$ cat final-v4.cif   # mmCIF, C-alpha atoms
data_work
#
loop_
_atom_site.group_PDB
_atom_site.id
_atom_site.type_symbol
_atom_site.label_atom_id
_atom_site.label_comp_id
_atom_site.auth_asym_id
_atom_site.auth_seq_id
_atom_site.Cartn_x
_atom_site.Cartn_y
_atom_site.Cartn_z
ATOM 1 C CA MET D 302 76.253 110.001 125.620
ATOM 2 C CA ASP D 303 80.022 110.214 126.157
ATOM 3 C CA LYS D 304 82.577 109.369 123.471
ATOM 4 C CA THR D 305 83.622 106.037 124.988
ATOM 5 C CA THR D 306 80.048 104.769 125.313
ATOM 6 C CA GLY D 307 79.351 105.826 121.757
ATOM 7 C CA GLY D 308 82.427 103.929 120.626
ATOM 8 C CA TRP D 309 81.160 100.728 122.231
ATOM 9 C CA ILE D 310 77.717 101.143 120.680
ATOM 10 C CA TYR D 311 79.130 101.702 117.210
ATOM 11 C CA GLY D 312 81.539 98.813 117.733
ATOM 12 C CA MET D 313 78.727 96.461 118.734
ATOM 13 C CA MET D 314 76.750 97.374 115.637
ATOM 14 C CA GLY D 315 79.791 96.589 113.521
ATOM 15 C CA VAL D 316 80.245 93.219 115.229
ATOM 16 C CA LEU D 317 76.603 92.294 114.645
ATOM 17 C CA ILE D 318 76.988 93.044 110.934
ATOM 18 C CA PHE D 319 80.305 91.200 110.641
ATOM 19 C CA SER D 320 78.825 88.149 112.366
ATOM 20 C CA GLY D 321 76.967 87.301 109.186
ATOM 21 C CA SER D 322 80.087 87.503 107.008
ATOM 22 C CA LEU D 323 81.403 83.959 107.346
ATOM 23 C CA PRO D 324 78.009 82.240 106.993
ATOM 24 C CA ALA D 325 77.286 84.411 103.937
ATOM 25 C CA THR D 326 80.724 83.635 102.505
ATOM 26 C CA ARG D 327 80.186 79.932 103.141
ATOM 27 C CA VAL D 328 76.976 80.060 101.099
ATOM 28 C CA ALA D 329 78.550 82.120 98.319
ATOM 29 C CA VAL D 330 81.610 79.880 97.775
ATOM 30 C CA MET D 331 79.326 76.928 97.125
ATOM 31 C CA ASP D 332 78.769 78.372 93.632
ATOM 32 C CA PHE D 333 81.315 81.188 93.286
ATOM 33 C CA ASP D 334 85.070 80.773 93.033
ATOM 34 C CA PRO D 335 86.733 82.254 96.159
ATOM 35 C CA VAL D 336 88.919 84.601 94.107
ATOM 36 C CA PHE D 337 85.946 85.919 92.129
ATOM 37 C CA LEU D 338 83.934 86.351 95.314
ATOM 38 C CA THR D 339 86.746 88.380 96.879
ATOM 39 C CA VAL D 340 87.221 90.760 93.949
ATOM 40 C CA ALA D 341 83.498 91.004 93.171
ATOM 41 C CA ARG D 342 82.549 92.049 96.712
ATOM 42 C CA ALA D 343 85.353 94.621 96.720
ATOM 43 C CA ALA D 344 84.363 95.942 93.284
ATOM 44 C CA ILE D 345 80.690 96.306 94.204
ATOM 45 C CA ALA D 346 81.495 97.978 97.520
ATOM 46 C CA GLY D 347 84.117 100.147 95.820
ATOM 47 C CA ILE D 348 81.647 101.514 93.279
ATOM 48 C CA LEU D 349 79.207 102.360 96.072
ATOM 49 C CA ALA D 350 82.009 103.943 98.119
ATOM 50 C CA LEU D 351 83.038 106.093 95.147
ATOM 51 C CA CYS D 352 79.444 107.292 94.786
ATOM 52 C CA LEU D 353 79.362 108.229 98.484
ATOM 53 C CA LEU D 354 82.632 110.150 98.292
ATOM 54 C CA LEU D 355 81.467 112.057 95.231
ATOM 55 C CA ALA D 356 78.020 112.748 96.676
ATOM 56 C CA PHE D 357 79.476 114.235 99.874
ATOM 57 C CA GLN D 358 82.354 115.905 98.007
ATOM 58 C CA GLU D 359 84.962 114.508 100.356
ATOM 59 C CA LYS D 360 88.488 115.841 100.066
ATOM 60 C CA ARG D 361 91.135 113.487 98.773
ATOM 61 C CA PRO D 362 93.537 111.981 101.334
ATOM 62 C CA VAL D 363 96.958 113.572 101.595
ATOM 63 C CA ARG D 364 100.062 111.791 100.329
ATOM 64 C CA SER D 365 100.967 110.486 103.795
ATOM 65 C CA ASP D 366 97.626 108.645 103.940
ATOM 66 C CA VAL D 367 98.357 106.493 100.890
ATOM 67 C CA ILE D 368 100.444 103.845 102.669
ATOM 68 C CA PRO D 369 98.012 103.426 105.623
ATOM 69 C CA LEU D 370 95.089 103.218 103.190
ATOM 70 C CA THR D 371 96.992 100.604 101.188
ATOM 71 C CA ILE D 372 97.472 98.552 104.363
ATOM 72 C CA VAL D 373 93.738 98.799 105.075
ATOM 73 C CA ALA D 374 92.971 97.716 101.510
ATOM 74 C CA LEU D 375 95.394 94.780 101.597
ATOM 75 C CA GLY D 376 94.226 93.644 105.032
ATOM 76 C CA CYS D 377 90.474 94.233 104.999
ATOM 77 C CA VAL D 378 89.477 94.598 101.350
ATOM 78 C CA VAL D 379 91.599 91.811 99.866
ATOM 79 C CA GLY D 380 93.442 89.755 102.510
ATOM 80 C CA PHE D 381 90.745 88.788 104.999
ATOM 81 C CA PRO D 382 87.965 88.167 102.435
ATOM 82 C CA LEU D 383 90.209 86.065 100.171
ATOM 83 C CA LEU D 384 91.825 84.027 102.927
ATOM 84 C CA THR D 385 88.510 83.279 104.638
ATOM 85 C CA ALA D 386 86.858 82.376 101.329
ATOM 86 C CA LEU D 387 89.693 79.938 100.612
ATOM 87 C CA ALA D 388 89.504 78.565 104.161
ATOM 88 C CA LEU D 389 85.769 77.944 103.851
ATOM 89 C CA LYS D 390 86.519 75.537 101.029
ATOM 90 C CA HIS D 391 88.085 73.299 103.685
ATOM 91 C CA VAL D 392 86.160 74.010 106.904
ATOM 92 C CA THR D 393 82.601 74.858 107.892
ATOM 93 C CA SER D 394 81.592 78.389 108.796
ATOM 94 C CA ALA D 395 80.862 77.229 112.356
ATOM 95 C CA HIS D 396 84.448 75.970 112.697
ATOM 96 C CA SER D 397 85.973 79.087 111.120
ATOM 97 C CA ILE D 398 83.907 81.437 113.267
ATOM 98 C CA VAL D 399 85.623 80.163 116.398
ATOM 99 C CA PHE D 400 88.924 81.514 115.034
ATOM 100 C CA ILE D 401 87.413 85.002 115.129
ATOM 101 C CA GLY D 402 88.047 84.768 118.864
ATOM 102 C CA LEU D 403 91.708 85.416 118.029
ATOM 103 C CA LEU D 404 90.943 88.671 116.231
ATOM 104 C CA PRO D 405 90.648 90.873 119.364
ATOM 105 C CA LEU D 406 94.162 89.897 120.462
ATOM 106 C CA ALA D 407 95.574 90.569 116.981
ATOM 107 C CA THR D 408 93.768 93.913 116.837
ATOM 108 C CA ALA D 409 95.032 94.903 120.284
ATOM 109 C CA ILE D 410 98.628 94.012 119.415
ATOM 110 C CA PHE D 411 98.515 96.094 116.245
ATOM 111 C CA GLY D 412 96.733 98.821 118.206
ATOM 112 C CA VAL D 413 99.836 99.060 120.378
ATOM 113 C CA LEU D 414 102.244 98.882 117.443
ATOM 114 C CA ARG D 415 100.379 101.229 115.097
ATOM 115 C CA GLY D 416 98.024 103.199 117.336
ATOM 116 C CA GLY D 417 100.256 103.896 120.305
ATOM 117 C CA GLU D 418 97.809 102.453 122.837
ATOM 118 C CA ARG D 419 99.056 101.041 126.138
ATOM 119 C CA PRO D 420 96.557 98.689 127.841
ATOM 120 C CA ARG D 421 97.326 97.597 131.386
ATOM 121 C CA PRO D 422 98.990 94.183 131.996
ATOM 122 C CA ALA D 423 95.716 92.652 133.243
ATOM 123 C CA PHE D 424 94.156 93.385 129.858
ATOM 124 C CA TRP D 425 96.664 91.132 128.131
ATOM 125 C CA ILE D 426 95.963 88.359 130.618
ATOM 126 C CA PHE D 427 92.243 88.326 129.824
ATOM 127 C CA SER D 428 92.867 88.724 126.103
ATOM 128 C CA ALA D 429 95.432 85.904 126.108
ATOM 129 C CA ILE D 430 93.070 83.613 128.027
ATOM 130 C CA GLY D 431 90.367 84.140 125.423
ATOM 131 C CA SER D 432 92.779 83.438 122.597
ATOM 132 C CA ALA D 433 94.186 80.366 124.375
ATOM 133 C CA ILE D 434 90.678 78.940 124.691
ATOM 134 C CA VAL D 435 90.165 79.358 120.956
ATOM 135 C CA CYS D 436 93.524 77.819 120.033
ATOM 136 C CA GLY D 437 92.948 74.950 122.454
ATOM 137 C CA TYR D 438 89.634 74.206 120.785
ATOM 138 C CA ALA D 439 91.199 74.187 117.317
ATOM 139 C CA PHE D 440 93.931 71.738 118.323
ATOM 140 C CA ALA D 441 91.474 69.571 120.294
ATOM 141 C CA GLN D 442 89.419 69.167 117.141
ATOM 142 C CA GLY D 443 92.484 67.817 115.382
ATOM 143 C CA ILE D 444 94.546 70.241 113.374
ATOM 144 C CA SER D 445 95.360 67.467 110.900
ATOM 145 C CA ALA D 446 91.685 67.307 109.911
ATOM 146 C CA SER D 447 92.119 70.449 107.822
ATOM 147 C CA PRO D 448 95.493 72.112 108.369
ATOM 148 C CA VAL D 449 95.064 74.201 105.233
ATOM 149 C CA GLY D 450 91.741 75.662 106.376
ATOM 150 C CA ASP D 451 93.022 76.451 109.870
ATOM 151 C CA LEU D 452 96.249 78.046 108.630
ATOM 152 C CA LEU D 453 94.297 80.180 106.160
ATOM 153 C CA MET D 454 92.028 81.365 108.971
ATOM 154 C CA LEU D 455 95.024 82.256 111.160
ATOM 155 C CA ALA D 456 96.587 84.238 108.305
ATOM 156 C CA ALA D 457 93.257 86.002 107.762
ATOM 157 C CA ILE D 458 93.135 87.019 111.421
ATOM 158 C CA LEU D 459 96.625 88.564 111.293
ATOM 159 C CA VAL D 460 96.063 90.688 108.182
ATOM 160 C CA CYS D 461 92.611 91.726 109.403
ATOM 161 C CA GLY D 462 93.924 92.822 112.811
ATOM 162 C CA LEU D 463 96.512 94.997 111.094
ATOM 163 C CA GLY D 464 93.882 96.482 108.769
ATOM 164 C CA TYR D 465 91.555 97.224 111.686
ATOM 165 C CA ALA D 466 94.241 99.006 113.718
ATOM 166 C CA GLU D 467 95.569 100.988 110.760
ATOM 167 C CA GLY D 468 92.077 102.051 109.734
ATOM 168 C CA ALA D 469 91.147 103.044 113.277
ATOM 169 C CA VAL D 470 94.146 105.372 113.521
ATOM 170 C CA LEU D 471 93.189 107.026 110.227
ATOM 171 C CA SER D 472 89.539 107.265 111.298
ATOM 172 C CA ARG D 473 90.470 109.630 114.106
ATOM 173 C CA ARG D 474 91.320 112.189 111.436
ATOM 174 C CA LEU D 475 89.448 111.183 108.266
ATOM 175 C CA GLY D 476 86.306 109.602 109.703
ATOM 176 C CA GLY D 477 85.200 105.964 109.757
ATOM 177 C CA TRP D 478 83.237 105.685 106.532
ATOM 178 C CA GLN D 479 85.756 107.822 104.670
ATOM 179 C CA VAL D 480 88.617 105.456 105.533
ATOM 180 C CA ILE D 481 86.977 102.289 104.254
ATOM 181 C CA SER D 482 85.590 104.172 101.258
ATOM 182 C CA TRP D 483 89.003 105.489 100.192
ATOM 183 C CA ALA D 484 90.564 102.053 100.748
ATOM 184 C CA LEU D 485 87.913 100.500 98.510
ATOM 185 C CA VAL D 486 88.353 103.183 95.841
ATOM 186 C CA LEU D 487 92.139 102.751 95.977
ATOM 187 C CA SER D 488 91.779 99.075 95.113
ATOM 188 C CA LEU D 489 88.821 99.524 92.734
ATOM 189 C CA PRO D 490 90.667 99.536 89.355
ATOM 190 C CA VAL D 491 92.450 96.274 90.156
ATOM 191 C CA MET D 492 89.309 94.690 91.619
ATOM 192 C CA ILE D 493 87.211 95.501 88.542
ATOM 193 C CA ALA D 494 89.872 94.092 86.202
ATOM 194 C CA LEU D 495 90.193 90.886 88.238
ATOM 195 C CA CYS D 496 86.415 90.622 88.521
ATOM 196 C CA LEU D 497 86.089 90.607 84.733
ATOM 197 C CA LEU D 498 88.898 88.070 84.380
ATOM 198 C CA THR D 499 87.526 85.634 86.971
ATOM 199 C CA MET D 500 83.812 86.007 86.221
ATOM 200 C CA PRO D 501 81.998 82.640 85.988
ATOM 201 C CA GLN D 502 81.200 81.580 82.446
ATOM 202 C CA ALA D 503 77.803 80.164 83.373
ATOM 203 C CA ILE D 504 76.067 82.854 85.409
ATOM 204 C CA GLY D 505 72.759 81.047 85.016
ATOM 205 C CA GLY D 506 74.074 78.131 87.038
ATOM 206 C CA ILE D 507 74.596 80.248 90.165
ATOM 207 C CA GLY D 508 71.973 79.528 92.798
ATOM 208 C CA GLU D 509 69.933 82.189 94.593
ATOM 209 C CA PRO D 510 71.585 81.581 98.016
ATOM 210 C CA ALA D 511 75.009 82.317 96.502
ATOM 211 C CA TRP D 512 73.743 85.611 95.061
ATOM 212 C CA ILE D 513 72.297 86.555 98.449
ATOM 213 C CA GLY D 514 75.630 85.738 100.070
ATOM 214 C CA LEU D 515 77.469 87.918 97.531
ATOM 215 C CA ILE D 516 75.098 90.828 98.132
ATOM 216 C CA TYR D 517 75.503 90.572 101.901
ATOM 217 C CA VAL D 518 79.305 90.463 101.918
ATOM 218 C CA SER D 519 79.460 93.276 99.349
ATOM 219 C CA LEU D 520 77.092 95.725 101.033
ATOM 220 C CA PHE D 521 77.307 94.878 104.719
ATOM 221 C CA SER D 522 80.602 93.058 105.337
ATOM 222 C CA MET D 523 82.663 95.189 102.977
ATOM 223 C CA LEU D 524 81.186 98.657 103.524
ATOM 224 C CA ILE D 525 78.360 99.243 106.009
ATOM 225 C CA GLY D 526 79.903 97.192 108.813
ATOM 226 C CA PHE D 527 83.181 99.085 108.541
ATOM 227 C CA ILE D 528 81.404 102.434 108.818
ATOM 228 C CA PHE D 529 80.275 101.513 112.333
ATOM 229 C CA TRP D 530 83.369 99.511 113.248
ATOM 230 C CA TYR D 531 86.035 102.100 112.439
ATOM 231 C CA ARG D 532 84.040 104.828 114.151
ATOM 232 C CA GLY D 533 83.725 102.621 117.227
ATOM 233 C CA LEU D 534 87.451 101.837 117.305
ATOM 234 C CA ALA D 535 88.364 105.499 116.859
ATOM 235 C CA GLN D 536 86.063 106.711 119.640
ATOM 236 C CA GLY D 537 86.341 103.918 122.191
ATOM 237 C CA GLY D 538 89.937 102.784 121.650
ATOM 238 C CA ILE D 539 91.339 100.062 119.393
ATOM 239 C CA ALA D 540 92.231 97.575 122.143
ATOM 240 C CA ALA D 541 89.089 98.163 124.216
ATOM 241 C CA VAL D 542 86.414 98.118 121.510
ATOM 242 C CA GLY D 543 88.335 95.417 119.656
ATOM 243 C CA GLN D 544 87.442 93.016 122.477
ATOM 244 C CA LEU D 545 83.831 93.126 121.296
ATOM 245 C CA GLN D 546 84.944 90.763 118.561
ATOM 246 C CA LEU D 547 84.942 88.077 121.236
ATOM 247 C CA LEU D 548 81.150 88.234 120.935
ATOM 248 C CA GLN D 549 81.248 87.661 117.182
ATOM 249 C CA PRO D 550 81.621 83.858 117.388
ATOM 250 C CA PHE D 551 78.454 83.684 119.483
ATOM 251 C CA PHE D 552 76.368 85.580 116.939
ATOM 252 C CA GLY D 553 78.050 83.825 114.028
ATOM 253 C CA LEU D 554 77.448 80.341 115.407
ATOM 254 C CA ALA D 555 73.790 81.194 115.937
ATOM 255 C CA LEU D 556 73.493 82.301 112.308
ATOM 256 C CA ALA D 557 75.344 79.244 111.026
ATOM 257 C CA ALA D 558 72.964 76.966 112.903
ATOM 258 C CA ALA D 559 69.810 78.885 111.994
ATOM 259 C CA LEU D 560 70.505 79.658 108.333
ATOM 260 C CA LEU D 561 72.909 76.951 107.159
ATOM 261 C CA LYS D 562 71.652 74.147 109.394
ATOM 262 C CA GLU D 563 75.231 73.453 110.444
ATOM 263 C CA SER D 564 75.762 71.505 113.626
ATOM 264 C CA VAL D 565 76.978 73.524 116.574
ATOM 265 C CA SER D 566 78.504 71.248 119.193
ATOM 266 C CA TRP D 567 78.517 71.814 122.927
ATOM 267 C CA SER D 568 82.289 72.296 122.744
ATOM 268 C CA MET D 569 81.804 75.152 120.270
ATOM 269 C CA LEU D 570 79.316 76.792 122.605
ATOM 270 C CA ALA D 571 81.645 76.303 125.560
ATOM 271 C CA VAL D 572 84.498 77.970 123.676
ATOM 272 C CA THR D 573 82.249 80.852 122.681
ATOM 273 C CA LEU D 574 80.997 81.394 126.224
ATOM 274 C CA GLY D 575 84.579 81.251 127.504
ATOM 275 C CA VAL D 576 85.808 83.990 125.204
ATOM 276 C CA VAL D 577 82.707 86.076 125.867
ATOM 277 C CA ALA D 578 83.493 85.952 129.585
ATOM 278 C CA CYS D 579 86.964 87.299 128.858
ATOM 279 C CA VAL D 580 85.612 90.452 127.215
ATOM 280 C CA VAL D 581 84.305 91.723 130.561
ATOM 281 C CA GLY D 582 87.709 91.512 132.216
ATOM 282 C CA ALA D 583 89.587 92.815 129.178
ATOM 283 C CA LYS D 584 87.290 95.831 128.891
ATOM 284 C CA LYS D 585 87.929 96.810 132.501
ATOM 285 C CA PHE D 586 91.699 96.995 132.032
ATOM 286 C CA ALA D 587 91.902 98.197 128.428
ATOM 287 C CA ARG D 588 93.039 101.663 129.504
#
$ encode --input "final-v4.cif" --output "structure tokens"
Amino acid sequence: MDKTTGGWIYGMMGVLIFSGSLPATRVAVMDFDPVFLTVARAAIAGILALCLLLAFQEKRPVRSDVIPLTIVALGCVVGFPLLTALALKHVTSAHSIVFIGLLPLATAIFGVLRGGERPRPAFWIFSAIGSAIVCGYAFAQGISASPVGDLLMLAAILVCGLGYAEGAVLSRRLGGWQVISWALVLSLPVMIALCLLTMPQAIGGIGEPAWIGLIYVSLFSMLIGFIFWYRGLAQGGIAAVGQLQLLQPFFGLALAAALLKESVSWSMLAVTLGVVACVVGAKKFAR
């Protein structure tokens, strides 16, 4: 198996894991405060990441890695989880998942700015079409219905795209799981302190679904998914493999309908199928 094919396989595995993030977050914020959920998932994942680094006796990053790791931590460990958790207080997970269709374009742009990649012009056409379909859907639904939720999702996409690209560049040298692990450990002291400060007073009142959601976003969304995702981006290319995120709304909508019993309209499915079609063209011209 060549390096590029391996990158796409790892990337797809990461996308499948991430597809459950928003539905799990939606369930968790029904009982948990969004801020607590954000710091708790990072603290849990950070403790596990520290154990992994110690068990494998990984060398510490050099001084020049501190700023990139900080960007990864701010974008992927804190920014995206917090902003999406806040957004899901205003919109359903099915609605928010459609915005994930914008993430490939954001990742590709930051891949050019931070990773030095140069996709061909046709790539940007397909990527822009997919993003335009998503934006058109959001405005067609009526942005005034929940402007706060939609703006929070857009902000989440921007910081996440930056964190993905920055982490992918580092992964070429440090390794995929090492990058997310060091980013989690870097933010661990602050996350533990905030976790203790924001902890719910009545733990007994938290329902079982919320606990399951917290476990999923802590183990899979915050750590395991990134192990596959960063390795995929590093091997297959940030812009190219990043287009696999266009498939994430499809898997996420299916989970939202199956697990949360949320309604998935024909327009949502049409948007999802439209952006999925764009991934084929974008992949062809990514390099």
$ resolve_selection --input "final-v4.cif" --expression "the PyMOL selection byres ((chain D and resi 396) around 9)" --output "PDB file with C-alpha atoms, in the frame of the given file"
ATOM      1  CA  VAL D 392      86.160  74.010 106.904  1.00  0.00           C
ATOM      2  CA  THR D 393      82.601  74.858 107.892  1.00  0.00           C
ATOM      3  CA  SER D 394      81.592  78.389 108.796  1.00  0.00           C
ATOM      4  CA  ALA D 395      80.862  77.229 112.356  1.00  0.00           C
ATOM      5  CA  SER D 397      85.973  79.087 111.120  1.00  0.00           C
ATOM      6  CA  ILE D 398      83.907  81.437 113.267  1.00  0.00           C
ATOM      7  CA  VAL D 399      85.623  80.163 116.398  1.00  0.00           C
ATOM      8  CA  PHE D 400      88.924  81.514 115.034  1.00  0.00           C
ATOM      9  CA  ALA D 439      91.199  74.187 117.317  1.00  0.00           C
ATOM     10  CA  LEU D 554      77.448  80.341 115.407  1.00  0.00           C
ATOM     11  CA  VAL D 565      76.978  73.524 116.574  1.00  0.00           C
ATOM     12  CA  MET D 569      81.804  75.152 120.270  1.00  0.00           C
TER      13      MET D 569
END
$ atom_distance --input "final-v4.cif" --atom1 "CA of Val581 (chain D)" --atom2 "CA of Trp530 (chain D)"
19.0 Å
$ resolve_selection --input "final-v4.cif" --expression "the PyMOL selection byres ((chain D and resi 339) around 12)" --output "number ranges by chain"
D: 326, 329-330, 333-338, 340-346, 375, 377-387, 488, 491-493, 495-496, 499-500, 514-516, 518-519, 522-523
$ resolve_selection --input "final-v4.cif" --expression "the PyMOL selection byres ((chain D and resi 432) around 8)" --output "list of chain:residue names"
D:Gly402, D:Leu403, D:Leu406, D:Ser428, D:Ala429, D:Ile430, D:Gly431, D:Ala433, D:Ile434, D:Val435, D:Cys436, D:Val576
$ atom_distance --input "final-v4.cif" --atom1 "CA of Pro369 (chain D)" --atom2 "CA of Leu471 (chain D)"
7.6 Å
$ axis_aligned_box --input "final-v4.cif" --around "region 350-358 of chain D" --padding-each-side "8 Å" --output "lines of an AutoDock Vina configuration file"
center_x = 80.5
center_y = 109.9
center_z = 97.3
size_x = 21.0
size_y = 28.0
size_z = 21.1
$ atom_distance --input "final-v4.cif" --atom1 "CA of Trp309 (chain D)" --atom2 "CA of Leu455 (chain D)"
25.6 Å
$ closest_residue --input "final-v4.cif" --among "D:Gly315, D:Pro422, D:Gly450, D:Gly476" --to "Glu359 (chain D)" --atoms "only C-alpha atoms"
D:Gly476
$ closest_residue --input "final-v4.cif" --among "D:Glu418, D:Glu509, D:Asp303, D:Asp451" --to "Lys390 (chain D)" --atoms "all atoms listed in the file"
D:Asp451
$ residues_around --input "final-v4.cif" --residues "Gly312 (chain D)" --least-positions-apart "5" --cutoff "8 Å" --atoms "only C-alpha atoms" --output "MDAnalysis selection string"
chainID D and resid 529:534 542:543 545
$ residues_around --input "final-v4.cif" --residues "Phe427 (chain D)" --least-positions-apart "4" --cutoff "8 Å" --atoms "only C-alpha atoms" --output "list in words"
Ala423, Gly431, Cys579, Val580, Gly582 and Ala583 of chain D
$ closest_residue --input "final-v4.cif" --among "D:Trp483, D:Ala374, D:Thr306, D:Ile513" --to "Ala325 (chain D)" --atoms "all atoms listed in the file"
D:Ile513
$ closest_residue --input "final-v4.cif" --among "D:Ile507, D:Leu475, D:Leu548, D:Gly468" --to "Gly575 (chain D)" --atoms "all atoms listed in the file"
D:Leu548
$ closest_residue --input "final-v4.cif" --among "D:Ala558, D:Ala494, D:Met314, D:Leu520" --to "Leu570 (chain D)" --atoms "all atoms listed in the file"
D:Ala558
$ closest_residue --input "final-v4.cif" --among "D:Ala578, D:Gly505, D:Leu560, D:Leu489" --to "Gly347 (chain D)" --atoms "all atoms listed in the file"
D:Leu489
$ residues_around --input "final-v4.cif" --residues "Ala540 (chain D)" --least-positions-apart "3" --cutoff "8 Å" --atoms "only C-alpha atoms" --output "mmCIF file with C-alpha atoms, in the coordinates of the input"
data_model
loop_
_atom_site.group_PDB
_atom_site.id
_atom_site.type_symbol
_atom_site.label_atom_id
_atom_site.label_comp_id
_atom_site.auth_asym_id
_atom_site.auth_seq_id
_atom_site.Cartn_x
_atom_site.Cartn_y
_atom_site.Cartn_z
ATOM 1 C CA PRO D 405 90.648 90.873 119.364
ATOM 2 C CA THR D 408 93.768 93.913 116.837
ATOM 3 C CA ALA D 409 95.032 94.903 120.284
ATOM 4 C CA ILE D 410 98.628 94.012 119.415
ATOM 5 C CA GLY D 412 96.733 98.821 118.206
ATOM 6 C CA VAL D 413 99.836 99.060 120.378
ATOM 7 C CA GLU D 418 97.809 102.453 122.837
ATOM 8 C CA PRO D 420 96.557 98.689 127.841
ATOM 9 C CA GLY D 543 88.335 95.417 119.656
ATOM 10 C CA GLN D 544 87.442 93.016 122.477
ATOM 11 C CA ALA D 587 91.902 98.197 128.428
#
